[in-house]
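**Q** What follows is the file entry.pdb, containing PDB, C-alpha atoms:
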ATOM      1  CA  MET A   1     -22.253  -3.545   9.968
ATOM      2  CA  ALA A   2     -18.537  -3.648   9.220
ATOM      3  CA  GLU A   3     -16.819  -0.326   8.876
ATOM      4  CA  GLN A   4     -15.328   0.662   5.512
ATOM      5  CA  ASP A   5     -12.319   2.923   5.292
ATOM      6  CA  LEU A   6     -13.116   5.609   2.703
ATOM      7  CA  LYS A   7     -10.696   8.235   1.465
ATOM      8  CA  PHE A   8     -11.522  11.279  -0.613
ATOM      9  CA  TYR A   9      -9.072  12.789  -3.068
ATOM     10  CA  GLN A  10      -8.803  15.955  -5.110
ATOM     11  CA  THR A  11      -7.566  14.284  -8.242
ATOM     12  CA  GLY A  12      -8.496  16.303 -11.298
ATOM     13  CA  THR A  13     -10.549  15.968 -14.460
ATOM     14  CA  PHE A  14     -13.338  13.381 -14.810
ATOM     15  CA  VAL A  15     -12.737  11.798 -11.396
ATOM     16  CA  VAL A  16     -16.326  11.797 -10.159
ATOM     17  CA  GLY A  17     -17.502   9.964 -13.249
ATOM     18  CA  ASN A  18     -14.571   7.576 -13.011
ATOM     19  CA  ARG A  19     -15.735   6.342  -9.621
ATOM     20  CA  LEU A  20     -18.811   4.913 -11.363
ATOM     21  CA  LEU A  21     -16.652   2.833 -13.716
ATOM     22  CA  ASP A  22     -15.044  -0.528 -13.179
ATOM     23  CA  PRO A  23     -11.578  -0.124 -11.633
ATOM     24  CA  ASP A  24      -9.779  -1.183 -14.827
ATOM     25  CA  GLN A  25     -11.616   1.540 -16.775
ATOM     26  CA  ARG A  26     -10.785   4.426 -14.460
ATOM     27  CA  SER A  27      -8.121   7.000 -15.151
ATOM     28  CA  VAL A  28      -4.873   6.720 -13.222
ATOM     29  CA  GLN A  29      -5.725   9.896 -11.325
ATOM     30  CA  ALA A  30      -9.027   8.346 -10.190
ATOM     31  CA  GLU A  31      -7.271   5.414  -8.524
ATOM     32  CA  THR A  32      -6.971   5.708  -4.764
ATOM     33  CA  GLY A  33      -3.777   3.669  -4.994
ATOM     34  CA  ARG A  34      -2.032   5.782  -7.620
ATOM     35  CA  SER A  35       1.657   6.383  -7.043
ATOM     36  CA  ASN A  36       1.453  10.142  -6.332
ATOM     37  CA  SER A  37       4.850  10.474  -7.999
ATOM     38  CA  LEU A  38       4.746  14.247  -7.461
ATOM     39  CA  THR A  39       3.164  14.572  -4.070
ATOM     40  CA  SER A  40       2.078  17.505  -1.905
ATOM     41  CA  GLY A  41       4.507  20.009  -0.446
ATOM     42  CA  HIS A  42       6.016  21.376  -3.645
ATOM     43  CA  ARG A  43       6.153  25.110  -4.281
ATOM     44  CA  ALA A  44       4.511  25.447  -7.674
ATOM     45  CA  CYS A  45       2.405  28.531  -8.359
ATOM     46  CA  GLN A  46      -1.354  28.275  -8.013
ATOM     47  CA  GLY A  47      -2.814  26.806 -11.182
ATOM     48  CA  CYS A  48       0.565  25.594 -12.479
ATOM     49  CA  GLY A  49       0.000  23.536 -15.629
ATOM     50  CA  GLU A  50       3.463  21.999 -15.411
ATOM     51  CA  ALA A  51       2.782  20.537 -11.972
ATOM     52  CA  LEU A  52      -0.418  18.958 -13.293
ATOM     53  CA  GLY A  53       1.314  17.663 -16.408
ATOM     54  CA  ALA A  54       4.183  16.114 -14.468
ATOM     55  CA  ARG A  55       1.863  14.406 -11.986
ATOM     56  CA  TYR A  56      -0.361  13.030 -14.736
ATOM     57  CA  VAL A  57       2.593  11.792 -16.830
ATOM     58  CA  LEU A  58       4.615  10.242 -14.009
ATOM     59  CA  ASP A  59       1.642   8.519 -12.378
ATOM     60  CA  ALA A  60       0.605   7.066 -15.747
ATOM     61  CA  ALA A  61       4.169   5.927 -16.436
ATOM     62  CA  MET A  62       4.419   4.345 -13.004
ATOM     63  CA  ARG A  63       1.267   2.329 -13.659
ATOM     64  CA  ALA A  64       2.453   1.325 -17.134
ATOM     65  CA  THR A  65       5.779   0.061 -15.759
ATOM     66  CA  ALA A  66       4.418  -1.451 -12.527
ATOM     67  CA  GLY A  67       6.514   1.057 -10.597
ATOM     68  CA  ASN A  68       9.806   0.178 -12.336
ATOM     69  CA  LEU A  69      10.552   3.723 -13.420
ATOM     70  CA  LEU A  70      13.410   6.177 -12.971
ATOM     71  CA  ALA A  71      13.099   9.884 -13.828
ATOM     72  CA  VAL A  72      15.797  12.324 -14.945
ATOM     73  CA  ASN A  73      14.847  15.991 -14.586
ATOM     74  CA  SER A  74      16.625  18.933 -16.236
ATOM     75  CA  THR A  75      16.963  22.203 -14.375
ATOM     76  CA  GLY A  76      13.892  24.415 -14.697
ATOM     77  CA  CYS A  77      10.651  25.331 -12.969
ATOM     78  CA  LEU A  78       9.697  21.694 -12.356
ATOM     79  CA  GLU A  79      12.998  20.908 -10.676
ATOM     80  CA  VAL A  80      13.118  24.131  -8.662
ATOM     81  CA  PHE A  81       9.628  24.025  -7.181
ATOM     82  CA  SER A  82       9.738  20.288  -6.443
ATOM     83  CA  THR A  83      13.192  19.955  -4.848
ATOM     84  CA  PRO A  84      14.209  22.984  -2.777
ATOM     85  CA  TYR A  85      17.182  21.561  -0.850
ATOM     86  CA  PRO A  86      16.910  19.523   1.343
ATOM     87  CA  GLU A  87      13.266  18.779   0.469
ATOM     88  CA  SER A  88      11.722  16.759  -2.356
ATOM     89  CA  SER A  89       8.173  16.094  -3.528
ATOM     90  CA  TRP A  90       9.177  13.122  -5.695
ATOM     91  CA  GLN A  91       8.183   9.613  -4.686
ATOM     92  CA  LEU A  92      10.206   7.656  -7.231
ATOM     93  CA  PRO A  93      13.921   7.378  -8.091
ATOM     94  CA  TRP A  94      14.702  10.862  -9.427
ATOM     95  CA  LEU A  95      17.887  12.480 -10.731
ATOM     96  CA  HIS A  96      18.557  16.167 -11.326
ATOM     97  CA  SER A  97      20.627  17.048 -14.404
ATOM     98  CA  LEU A  98      21.946  20.359 -15.675
ATOM     99  CA  PHE A  99      19.775  22.627 -17.800
ATOM    100  CA  GLY A 100      21.253  21.459 -21.070
ATOM    101  CA  ASN A 101      22.124  17.779 -20.663
ATOM    102  CA  GLY A 102      18.936  16.089 -19.440
ATOM    103  CA  PRO A 103      18.524  13.874 -22.535
ATOM    104  CA  ALA A 104      22.185  12.847 -22.365
ATOM    105  CA  VAL A 105      21.934  11.951 -18.673
ATOM    106  CA  ALA A 106      18.748   9.973 -19.288
ATOM    107  CA  ALA A 107      20.456   8.154 -22.174
ATOM    108  CA  GLY A 108      23.424   7.381 -19.918
ATOM    109  CA  VAL A 109      21.153   5.958 -17.234
ATOM    110  CA  ALA A 110      19.424   3.782 -19.834
ATOM    111  CA  ALA A 111      22.809   2.562 -21.103
ATOM    112  CA  ALA A 112      23.951   1.743 -17.566
ATOM    113  CA  LEU A 113      20.792  -0.235 -16.868
ATOM    114  CA  LYS A 114      21.251  -2.125 -20.141
ATOM    115  CA  ALA A 115      24.843  -2.959 -19.206
ATOM    116  CA  LYS A 116      23.616  -4.345 -15.894
ATOM    117  CA  GLY A 117      20.947  -6.416 -17.626
ATOM    118  CA  ARG A 118      18.112  -4.470 -16.007
ATOM    119  CA  ASP A 119      15.671  -4.226 -18.900
ATOM    120  CA  ASP A 120      12.800  -4.214 -16.402
ATOM    121  CA  ILE A 121      13.528  -0.615 -15.308
ATOM    122  CA  ARG A 122      12.400   2.126 -17.707
ATOM    123  CA  VAL A 123      13.814   5.646 -17.981
ATOM    124  CA  LEU A 124      11.842   8.873 -18.401
ATOM    125  CA  GLY A 125      13.548  12.206 -19.017
ATOM    126  CA  GLN A 126      11.692  15.475 -18.528
ATOM    127  CA  ALA A 127      12.279  19.184 -18.968
ATOM    128  CA  GLY A 128      10.518  22.424 -19.778
ATOM    129  CA  ASP A 129      10.649  23.972 -23.214
ATOM    130  CA  GLY A 130      13.864  25.833 -22.370
ATOM    131  CA  GLY A 131      15.697  22.628 -21.487
ATOM    132  CA  THR A 132      14.169  20.809 -24.465
ATOM    133  CA  VAL A 133      13.743  23.218 -27.364
ATOM    134  CA  ASP A 134      16.803  25.385 -26.718
ATOM    135  CA  ILE A 135      19.545  24.526 -24.237
ATOM    136  CA  GLY A 136      19.117  20.734 -24.341
ATOM    137  CA  PHE A 137      18.236  20.476 -28.024
ATOM    138  CA  GLY A 138      21.576  19.086 -29.177
ATOM    139  CA  CYS A 139      21.513  16.342 -26.540
ATOM    140  CA  LEU A 140      17.896  15.561 -27.429
ATOM    141  CA  SER A 141      18.691  15.227 -31.128
ATOM    142  CA  GLY A 142      21.591  12.938 -30.243
ATOM    143  CA  MET A 143      19.295  10.810 -28.113
ATOM    144  CA  PHE A 144      16.899  10.504 -31.051
ATOM    145  CA  GLU A 145      19.701   9.689 -33.500
ATOM    146  CA  ARG A 146      21.069   6.899 -31.279
ATOM    147  CA  ASN A 147      17.512   5.669 -30.591
ATOM    148  CA  ASP A 148      18.265   5.456 -26.871
ATOM    149  CA  ASP A 149      15.615   3.672 -24.817
ATOM    150  CA  VAL A 150      14.197   6.782 -23.149
ATOM    151  CA  LEU A 151      10.811   8.473 -23.106
ATOM    152  CA  PHE A 152      11.588  12.192 -23.068
ATOM    153  CA  VAL A 153       8.778  14.552 -22.036
ATOM    154  CA  CYS A 154       8.702  18.285 -22.712
ATOM    155  CA  TYR A 155       6.348  20.326 -20.523
ATOM    156  CA  ASP A 156       5.811  23.310 -22.805
ATOM    157  CA  ASN A 157       4.811  26.543 -21.057
ATOM    158  CA  GLN A 158       6.300  28.604 -23.869
ATOM    159  CA  GLY A 159       9.019  30.487 -22.037
ATOM    160  CA  TYR A 160      11.753  30.525 -19.410
ATOM    161  CA  MET A 161       9.330  31.009 -16.550
ATOM    162  CA  ASN A 162      11.669  30.122 -13.688
ATOM    163  CA  THR A 163      14.121  32.916 -14.502
ATOM    164  CA  GLY A 164      11.736  35.760 -15.299
ATOM    165  CA  VAL A 165       9.601  34.887 -18.321
ATOM    166  CA  GLN A 166      12.201  35.227 -21.065
ATOM    167  CA  ARG A 167      11.497  34.161 -24.632
ATOM    168  CA  SER A 168      12.273  30.554 -25.578
ATOM    169  CA  GLY A 169      12.290  28.735 -28.888
ATOM    170  CA  ALA A 170       8.735  27.631 -28.066
ATOM    171  CA  THR A 171       7.364  31.135 -27.405
ATOM    172  CA  PRO A 172       4.581  31.779 -29.947
ATOM    173  CA  PRO A 173       4.512  34.772 -32.299
ATOM    174  CA  ALA A 174       3.248  38.084 -30.881
ATOM    175  CA  ALA A 175       3.470  36.894 -27.253
ATOM    176  CA  ARG A 176       5.051  39.377 -24.861
ATOM    177  CA  THR A 177       7.934  38.221 -22.659
ATOM    178  CA  ALA A 178      10.606  40.028 -20.647
ATOM    179  CA  THR A 179      12.962  39.844 -23.639
ATOM    180  CA  THR A 180      10.681  40.665 -26.593
ATOM    181  CA  LYS A 181       9.688  44.018 -28.054
ATOM    182  CA  VAL A 182       7.087  46.013 -26.144
ATOM    183  CA  LEU A 183       6.456  48.613 -28.846
ATOM    184  CA  GLY A 184       6.798  48.954 -32.582
ATOM    185  CA  PRO A 185       5.049  47.611 -35.670
ATOM    186  CA  GLU A 186       5.289  43.996 -34.425
ATOM    187  CA  PRO A 187       5.353  43.985 -30.598
ATOM    188  CA  GLY A 188       5.909  40.688 -28.812
ATOM    189  CA  ASN A 189       7.779  37.722 -30.232
ATOM    190  CA  VAL A 190       8.518  37.898 -33.940
ATOM    191  CA  PHE A 191       6.880  35.625 -36.493
ATOM    192  CA  GLY A 192       8.902  32.881 -38.141
ATOM    193  CA  GLN A 193      11.325  32.011 -35.324
ATOM    194  CA  GLY A 194      11.512  29.119 -32.861
ATOM    195  CA  LYS A 195      11.003  25.455 -33.605
ATOM    196  CA  TRP A 196       8.265  22.796 -33.440
ATOM    197  CA  VAL A 197      10.127  19.909 -31.823
ATOM    198  CA  PRO A 198       7.470  17.198 -32.416
ATOM    199  CA  ALA A 199       8.036  17.619 -36.172
ATOM    200  CA  ILE A 200      11.806  17.416 -35.656
ATOM    201  CA  ALA A 201      11.372  14.241 -33.606
ATOM    202  CA  MET A 202       9.254  12.799 -36.412
ATOM    203  CA  ALA A 203      12.007  13.674 -38.895
ATOM    204  CA  HIS A 204      14.320  11.433 -36.852
ATOM    205  CA  GLU A 205      11.760   8.636 -37.467
ATOM    206  CA  ILE A 206      11.948   7.471 -33.850
ATOM    207  CA  PRO A 207       9.426   4.818 -32.742
ATOM    208  CA  TYR A 208       6.867   7.135 -31.113
ATOM    209  CA  VAL A 209       6.057  10.861 -30.981
ATOM    210  CA  ALA A 210       2.944  12.441 -29.490
ATOM    211  CA  THR A 211       1.520  15.747 -28.322
ATOM    212  CA  ALA A 212      -1.015  16.233 -25.535
ATOM    213  CA  THR A 213      -2.490  18.854 -23.204
ATOM    214  CA  VAL A 214      -3.390  18.862 -19.522
ATOM    215  CA  ALA A 215      -7.000  19.524 -20.573
ATOM    216  CA  ASP A 216      -7.507  15.928 -21.760
ATOM    217  CA  LEU A 217      -6.410  13.634 -18.952
ATOM    218  CA  ARG A 218      -7.539  10.419 -20.633
ATOM    219  CA  ASP A 219      -5.672  11.230 -23.829
ATOM    220  CA  LEU A 220      -2.478  12.152 -21.976
ATOM    221  CA  GLU A 221      -2.500   9.004 -19.849
ATOM    222  CA  ALA A 222      -3.193   6.806 -22.871
ATOM    223  CA  LYS A 223      -0.242   8.302 -24.745
ATOM    224  CA  VAL A 224       2.125   7.707 -21.831
ATOM    225  CA  ALA A 225       0.976   4.082 -21.648
ATOM    226  CA  ARG A 226       1.368   3.723 -25.418
ATOM    227  CA  ALA A 227       4.865   5.196 -25.312
ATOM    228  CA  MET A 228       5.893   2.617 -22.723
ATOM    229  CA  GLU A 229       4.929  -0.177 -25.129
ATOM    230  CA  PHE A 230       7.851   0.810 -27.364
ATOM    231  CA  ARG A 231      11.591   0.415 -26.931
ATOM    232  CA  GLY A 232      13.967   3.068 -28.195
ATOM    233  CA  ALA A 233      13.648   6.846 -28.254
ATOM    234  CA  ARG A 234      10.200   8.290 -27.693
ATOM    235  CA  TYR A 235       9.040  11.894 -27.366
ATOM    236  CA  LEU A 236       5.969  13.423 -25.699
ATOM    237  CA  HIS A 237       5.260  17.162 -25.953
ATOM    238  CA  VAL A 238       2.729  18.342 -23.345
ATOM    239  CA  PHE A 239       1.028  21.765 -23.457
ATOM    240  CA  VAL A 240       1.036  23.226 -19.920
ATOM    241  CA  PRO A 241      -0.277  26.794 -19.430
ATOM    242  CA  CYS A 242       1.607  29.039 -16.994
ATOM    243  CA  PRO A 243      -0.704  31.530 -15.226
ATOM    244  CA  LEU A 244       2.184  33.671 -13.950
ATOM    245  CA  GLY A 245       4.155  33.879 -17.181
ATOM    246  CA  TRP A 246       1.094  34.220 -19.418
ATOM    247  CA  GLY A 247      -0.714  36.722 -17.199
ATOM    248  CA  ALA A 248      -3.789  34.522 -16.934
ATOM    249  CA  ASP A 249      -6.165  33.710 -14.087
ATOM    250  CA  SER A 250      -4.967  30.612 -12.237
ATOM    251  CA  ALA A 251      -8.461  29.134 -12.545
ATOM    252  CA  LEU A 252      -8.177  29.129 -16.362
ATOM    253  CA  THR A 253      -5.294  26.661 -16.775
ATOM    254  CA  ILE A 254      -7.393  23.768 -18.066
ATOM    255  CA  ARG A 255      -9.655  26.042 -20.108
ATOM    256  CA  LEU A 256      -6.689  27.662 -21.877
ATOM    257  CA  ALA A 257      -5.236  24.262 -22.703
ATOM    258  CA  ARG A 258      -8.588  23.180 -24.124
ATOM    259  CA  LEU A 259      -8.921  26.407 -26.160
ATOM    260  CA  ALA A 260      -5.412  25.915 -27.563
ATOM    261  CA  HIS A 261      -6.534  22.571 -28.962
ATOM    262  CA  GLU A 262      -9.996  23.665 -30.105
ATOM    263  CA  SER A 263      -8.639  26.716 -31.924
ATOM    264  CA  GLY A 264      -5.882  24.796 -33.685
ATOM    265  CA  VAL A 265      -3.106  26.715 -31.942
ATOM    266  CA  PHE A 266      -1.745  23.442 -30.528
ATOM    267  CA  PRO A 267      -2.278  20.319 -32.668
ATOM    268  CA  VAL A 268      -2.771  17.070 -30.737
ATOM    269  CA  PHE A 269      -1.664  13.901 -32.518
ATOM    270  CA  GLU A 270       0.368  10.672 -32.430
ATOM    271  CA  ALA A 271       3.072   9.486 -34.828
ATOM    272  CA  GLU A 272       5.035   6.280 -35.254
ATOM    273  CA  ALA A 273       8.263   5.978 -37.257
ATOM    274  CA  GLY A 274       7.805   9.472 -38.662
ATOM    275  CA  GLU A 275       4.190   9.111 -39.807
ATOM    276  CA  VAL A 276       1.103  10.573 -38.124
ATOM    277  CA  THR A 277      -1.123   7.699 -37.018
ATOM    278  CA  SER A 278      -3.954   9.486 -35.216
ATOM    279  CA  VAL A 279      -5.159  12.975 -34.317
ATOM    280  CA  SER A 280      -7.438  14.384 -31.635
ATOM    281  CA  ALA A 281     -10.101  15.950 -33.802
ATOM    282  CA  ILE A 282     -11.530  19.360 -32.974
ATOM    283  CA  ARG A 283     -15.210  18.937 -32.159
ATOM    284  CA  ARG A 284     -16.087  22.609 -32.412
ATOM    285  CA  GLN A 285     -13.535  25.052 -33.711
ATOM    286  CA  VAL A 286     -13.268  28.295 -31.758
ATOM    287  CA  PRO A 287     -11.638  31.529 -32.962
ATOM    288  CA  VAL A 288      -8.019  32.038 -31.930
ATOM    289  CA  GLU A 289      -9.159  35.276 -30.289
ATOM    290  CA  ASP A 290     -11.009  33.251 -27.634
ATOM    291  CA  TYR A 291      -7.670  31.716 -26.636
ATOM    292  CA  LEU A 292      -5.679  34.964 -26.787
ATOM    293  CA  ARG A 293      -7.907  37.387 -24.880
ATOM    294  CA  PRO A 294      -7.634  35.855 -21.360
ATOM    295  CA  GLN A 295      -3.823  36.223 -21.449
ATOM    296  CA  ARG A 296      -2.091  39.511 -20.631
ATOM    297  CA  ARG A 297       0.865  38.531 -22.808
ATOM    298  CA  TYR A 298      -1.451  39.264 -25.749
ATOM    299  CA  ALA A 299      -3.135  42.350 -24.273
ATOM    300  CA  HIS A 300      -1.366  44.626 -26.770
ATOM    301  CA  LEU A 301      -3.398  42.983 -29.542
ATOM    302  CA  PHE A 302      -6.725  44.112 -28.072
ATOM    303  CA  GLY A 303      -6.121  47.655 -26.865
ATOM    304  CA  ASP A 304      -7.124  50.846 -28.620
ATOM    305  CA  PRO A 305      -6.871  50.588 -31.605
ATOM    306  CA  GLY A 306      -5.710  46.968 -31.250
ATOM    307  CA  ARG A 307      -3.941  44.794 -33.791
ATOM    308  CA  PRO A 308      -6.537  42.811 -35.738
ATOM    309  CA  ASP A 309      -3.918  42.278 -38.451
ATOM    310  CA  ILE A 310      -1.706  40.291 -36.068
ATOM    311  CA  VAL A 311      -4.705  38.355 -34.700
ATOM    312  CA  ALA A 312      -5.520  37.435 -38.299
ATOM    313  CA  ARG A 313      -1.959  36.167 -38.822
ATOM    314  CA  LEU A 314      -2.240  34.011 -35.692
ATOM    315  CA  GLN A 315      -5.584  32.691 -36.928
ATOM    316  CA  ALA A 316      -3.908  31.770 -40.218
ATOM    317  CA  LEU A 317      -1.240  29.793 -38.344
ATOM    318  CA  ALA A 318      -3.930  27.899 -36.427
ATOM    319  CA  ASP A 319      -5.821  27.186 -39.655
ATOM    320  CA  ARG A 320      -2.609  25.845 -41.170
ATOM    321  CA  ASN A 321      -2.206  23.459 -38.219
ATOM    322  CA  ILE A 322      -5.770  22.251 -38.713
ATOM    323  CA  ALA A 323      -5.170  21.600 -42.398
ATOM    324  CA  ARG A 324      -1.711  20.068 -41.928
ATOM    325  CA  TYR A 325      -2.819  17.514 -39.332
ATOM    326  CA  GLY A 326      -6.424  17.041 -40.436
ATOM    327  CA  LEU A 327      -7.762  18.201 -37.078
ATOM    328  CA  MET A 328     -11.327  18.745 -38.268
ATOM    329  CA  GLY A 329     -11.725  15.110 -39.280
ATOM    330  CA  GLU A 330     -13.374  13.866 -42.473
ATOM    331  CA  ASP A 331     -16.242  16.349 -42.125
TER     332      ASP A 331
END
Show me this structure written as structure tokens.

**A**
Amino acid sequence: MAEQDLKFYQTGTFVVGNRLLDPDQRSVQAETGRSNSLTSGHRACQGCGEALGARYVLDAAMRATAGNLLAVNSTGCLEVFSTPYPESSWQLPWLHSLFGNGPAVAAGVAAALKAKGRDDIRVLGQAGDGGTVDIGFGCLSGMFERNDDVLFVCYDNQGYMNTGVQRSGATPPAARTATTKVLGPEPGNVFGQGKWVPAIAMAHEIPYVATATVADLRDLEAKVARAMEFRGARYLHVFVPCPLGWGADSALTIRLARLAHESGVFPVFEAEAGEVTSVSAIRRQVPVEDYLRPQRRYAHLFGDPGRPDIVARLQALADRNIARYGLMGED
């Protein structure tokens, strides 16, 4: 009997079931020949949602482009834990930009490739929410306005985690950070500040905008592949829990991402040319409290006597998301 070389991989959600499918129906992460764009040896924290998100996105993009992909990475957690000089965990052409100019650098790379007639090589820019929502926002808006041929991905962990868990423009209301109020009538981040960049990207009416979470691997991979079918500016906003910054158990990363979707805290949808084209419907809505309680950044809402009034306000925001995007479906 001829020997068969078998390899076993720890590859994430749904893999065991994928091995029972035809190869063309398996997820990218289930493929033994996947690119491993972000390979072992990096220094991410245990349970890091950003590391999962980046691996899922880059591997899917590599498959969609047949390996003809170049990545530009803004300063942030992802850059720091993956490239401590002189080491690197990246297995594709990869450029490091400053904190605030990642979209501009990615646009410049795309322009240079166009000038050289290399339309076969695609460009992907990536950053955390700090480099996307705040410091790099002007460059990102410019990239959208020019419709540069770049897929820009934001890995949203809702704070400046690399530099000590400071508040960002993506930090949700009532969440504690190192730079928000600890005491007072409204502890944590204030209501009504920050920005929802997917809606801003849609306002630019760029070809493709989508949101996703690391809890739904199939959905995330499909959206990366869909984005690569377009030319021009595209934006993908990925929800990536941070156990360290959120004060959550490292084993709960995927569960928290799933609860964010099922509670309505984080709406998951696709849009083309400024119009929503599809949503990931919530199968069974869960209370926002189920999402908040496992995170120490919300512990002040559940002490003695607790803040049920603030929890109710957060529930109202989630309900508004559900209504705005039609997340409960026709039923």

**Q** Compile the contact shell of segment 71-79 of chain A as a VMD selection string: residues with an atom at most 10 Å away, counting all atoms listed in the file, same-chain residues fewer than 3 positions apart removed.

**A** chain A and resid 42 to 45 48 50 to 51 54 58 82 to 84 88 to 90 92 to 107 109 122 to 132 136 150 to 153 155 160 to 163

**Q** What are the closest atom pairs, with distances in Å to one decimal, for each residue of segment 244-289 of chain A lying within 12 Å of segment 166-171 of chain A, using only C-alpha atoms, rows by chain and rising residue number, as a tab-separated table?

**A**
residue	atom	partner	partner_atom	distance
A:Gly245	CA	A:Gln166	CA	9.0
A:Trp246	CA	A:Thr171	CA	10.6
A:Phe266	CA	A:Ala170	CA	11.6

**Q** What does the structure give for the distance between atom CA of Pro241 of chain A and atom CA of Gly159 of chain A, in Å to one decimal?

**A** 10.3 Å

**Q** What is the distance, in Å and to one decimal place, between atom CA of Ala233 of chain A and atom CA of Arg320 of chain A?

**A**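 These two atoms are separated by 28.1 Å.
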
**Q** Using the chain letters and numbers from the file, which residues does the PyMOL selection byres ((chain A and resi 187) around 10) grab, as a VMD selection string?

**A** chain A and resid 173 to 176 180 to 186 188 to 190 298 300 to 301 307 310
